[in-house]
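Data first, discussion second: the structure below is written as structure tokens.
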Amino acid sequence: MRERLGRVRASGGLALQAGLAAGISWLVADGLLHIPQPIFAPISAVIALAASVGQRLRRTVELIVGVAVGVLIGDALIYLVGTGAWQLGLIVVLSIVAAVLLGGGPAVMVQSAATAVLIGTLSPAVQNLEFPRFVAALIGGAVSLAVTAVLLPLHPLRLINRAAAPALCLLADQL
């Protein structure tokens, strides 16, 4: 239990960042820009924050690009060819190809494909959200960058010390 509480304490900063980024991105997309159902704003914000621990700026931008590409390709293809199993497969293939053409690595490809799956499976329920979803994804990414850089930046040495502490304590005990 003590180990789990230590893990909760160590990830508390990230949890606060993710919660703040999700709330602010929803507020901007819904309250300021009046995007209907701006679900991709908080999704983009949380994904970018949660998966970018370590190489914050670069990985955050890559994941934002992945979400935006998945939304854009998914919405464009649904508009052109409709929905269904083969359309979903095509959306995923083209999202990955677009991510690779943009220079994305495995994380960008997977994020683009996963977002495209969300678009391809949820899209029939909501019409006329093609461009607003893309904008919402970009808003979420921008907010996650602002939260990590300005509002709640995590001290990098503190993160390293927390990660290394168990190994260093074990080494000290053994010596």
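Each chain in the structure tokens gets a letter, A, B and so on, in the order shown; residues start at 1 in every chain, and ligands are counted from 1 in the order they appear.
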
Find the spatial neighbours of Val67 of chain A, counting only C-alpha atoms, within a cut-off of 6 Å - ignore same-chain residues fewer than 4 positions away - and output them as a VMD selection string.
chain A and resid 111 to 112 115

May I have the residues within 10 Å of Thr83 of chain A as number ranges by chain, using only C-alpha atoms and disregarding those fewer than 3 positions away in the same chain?
A: 74, 77-80, 86-88, 91, 119-124

Could the residues in this selection be saved with C-alpha atoms as a PDB file, in the first residue's frame?
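And here's again.pdb as it stands now:
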```pdb
ATOM      1  CA  GLY A  74     -11.505  10.112 -40.722  1.00  0.00           C
ATOM      2  CA  LEU A  77     -13.245   9.865 -45.837  1.00  0.00           C
ATOM      3  CA  ILE A  78     -16.558   9.471 -44.056  1.00  0.00           C
ATOM      4  CA  TYR A  79     -17.793  12.498 -45.978  1.00  0.00           C
ATOM      5  CA  LEU A  80     -16.557  10.997 -49.281  1.00  0.00           C
ATOM      6  CA  TRP A  86     -14.277  -1.433 -45.366  1.00  0.00           C
ATOM      7  CA  GLN A  87     -14.470   2.346 -44.912  1.00  0.00           C
ATOM      8  CA  LEU A  88     -13.136   2.004 -41.370  1.00  0.00           C
ATOM      9  CA  ILE A  91      -9.595   5.282 -42.803  1.00  0.00           C
ATOM     10  CA  ILE A 119     -14.148   9.027 -35.845  1.00  0.00           C
ATOM     11  CA  GLY A 120     -15.125   6.095 -38.035  1.00  0.00           C
ATOM     12  CA  THR A 121     -17.198   4.414 -35.362  1.00  0.00           C
ATOM     13  CA  LEU A 122     -18.719   7.406 -33.559  1.00  0.00           C
ATOM     14  CA  SER A 123     -19.193   9.724 -36.512  1.00  0.00           C
ATOM     15  CA  PRO A 124     -22.491   8.401 -37.863  1.00  0.00           C
TER      16      PRO A 124
END
```

For His34 of chain A, which of A:Gln174, A:Ala136, A:Leu168, A:Leu102 is the closest residue, counting only C-alpha atoms?
A:Ala136

I need the residues of chain A that end up classed as helix (DSSP H, G or I) by DSSP on the backbone, written out as a PyMOL selection string.
chain A and resi 2-10+12-32+40-50+56-81+85-101+106-125+130-151+156-174

Among listed residues A:Val135, A:Ala68, A:Leu145, A:Ile96, nearest Ala48 of chain A (using only C-alpha atoms):
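Selected residue with least distance to Ala48 of chain A: A:Leu145.
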
Determine, counting only C-alpha atoms, which protein, DNA and RNA residues have an atom within 12 Å of an atom of Ala15 of chain A; residues of the same chain fewer than 3 positions away are not included. Present the result as an MDAnalysis selection string.
chainID A and resid 7:12 18:22 46:47 49:50 53 147:148 152 154

Output C-alpha atoms for every residue in the selection just made, as a PDB file, in the first residue's frame.
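Generated output (out.pdb):
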```
ATOM      1  CA  ARG A   7       3.216   6.082  -7.010  1.00  0.00           C
ATOM      2  CA  VAL A   8       0.095   8.211  -6.573  1.00  0.00           C
ATOM      3  CA  ARG A   9       2.178  10.995  -5.030  1.00  0.00           C
ATOM      4  CA  ALA A  10       4.739  10.735  -7.850  1.00  0.00           C
ATOM      5  CA  SER A  11       2.078  11.008 -10.554  1.00  0.00           C
ATOM      6  CA  GLY A  12       0.046  13.693  -8.802  1.00  0.00           C
ATOM      7  CA  ALA A  18      -4.183  16.369 -17.279  1.00  0.00           C
ATOM      8  CA  GLY A  19      -7.243  17.470 -15.341  1.00  0.00           C
ATOM      9  CA  LEU A  20      -6.486  21.137 -15.839  1.00  0.00           C
ATOM     10  CA  ALA A  21      -5.748  20.668 -19.556  1.00  0.00           C
ATOM     11  CA  ALA A  22      -8.952  18.670 -20.088  1.00  0.00           C
ATOM     12  CA  VAL A  46      -5.059  14.226 -22.003  1.00  0.00           C
ATOM     13  CA  ILE A  47      -3.420  11.962 -24.586  1.00  0.00           C
ATOM     14  CA  LEU A  49       0.019  14.937 -21.576  1.00  0.00           C
ATOM     15  CA  ALA A  50      -0.185  11.329 -20.462  1.00  0.00           C
ATOM     16  CA  VAL A  53       6.254  12.211 -20.001  1.00  0.00           C
ATOM     17  CA  VAL A 147      -0.411  23.717 -19.160  1.00  0.00           C
ATOM     18  CA  THR A 148       2.915  21.884 -19.260  1.00  0.00           C
ATOM     19  CA  LEU A 152       1.838  23.616 -14.078  1.00  0.00           C
ATOM     20  CA  LEU A 154       6.879  19.721 -13.768  1.00  0.00           C
TER      21      LEU A 154
END
```

Atom CA of Ala29 of chain A to atom CA of Phe134 of chain A, straight-line distance in Å
11.1 Å

Report as a list in words all protein, DNA and RNA residues lying within 8 Å of Phe40 of chain A, evaluated on only C-alpha atoms, omitting residues in the same chain fewer than 2 positions from it.
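Using only C-alpha atoms, the neighbours found are Pro38, Pro42, Ile43, Ser44, Arg133, Phe134, Ala136, Ala137 and Gly140 of chain A.
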
Return the single residue from A:Val28, A:Thr60, A:Gly6, A:Val71 that is closest to Ala149 of chain A, with distances computed using only C-alpha atoms.
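For Ala149 of chain A, the nearest of the given residues is A:Thr60.
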
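Closest approach to Pro36 of chain A among A:Pro132, A:Val100, A:Leu5, A:Ala114 is made by A:Pro132 (distances from only C-alpha atoms).
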
Between atom CA of Val97 of chain A and atom CA of Ala146 of chain A, what is the distance in Å, rounded to a tenth?
29.2 Å

So what do you get for atom CA of Val150 of chain A versus atom CA of Leu32 of chain A, distance-wise?
20.5 Å

With distances taken over only C-alpha atoms, which of A:Gly105, A:Arg59, A:Gly141, A:Val69 is nearest to Ser25 of chain A?
A:Gly141

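If you measure from each of A:Ala113, A:Leu33, A:Ala41, A:Val65 to Gly89 of chain A using only C-alpha atoms, the closest one turns out to be A:Ala113.
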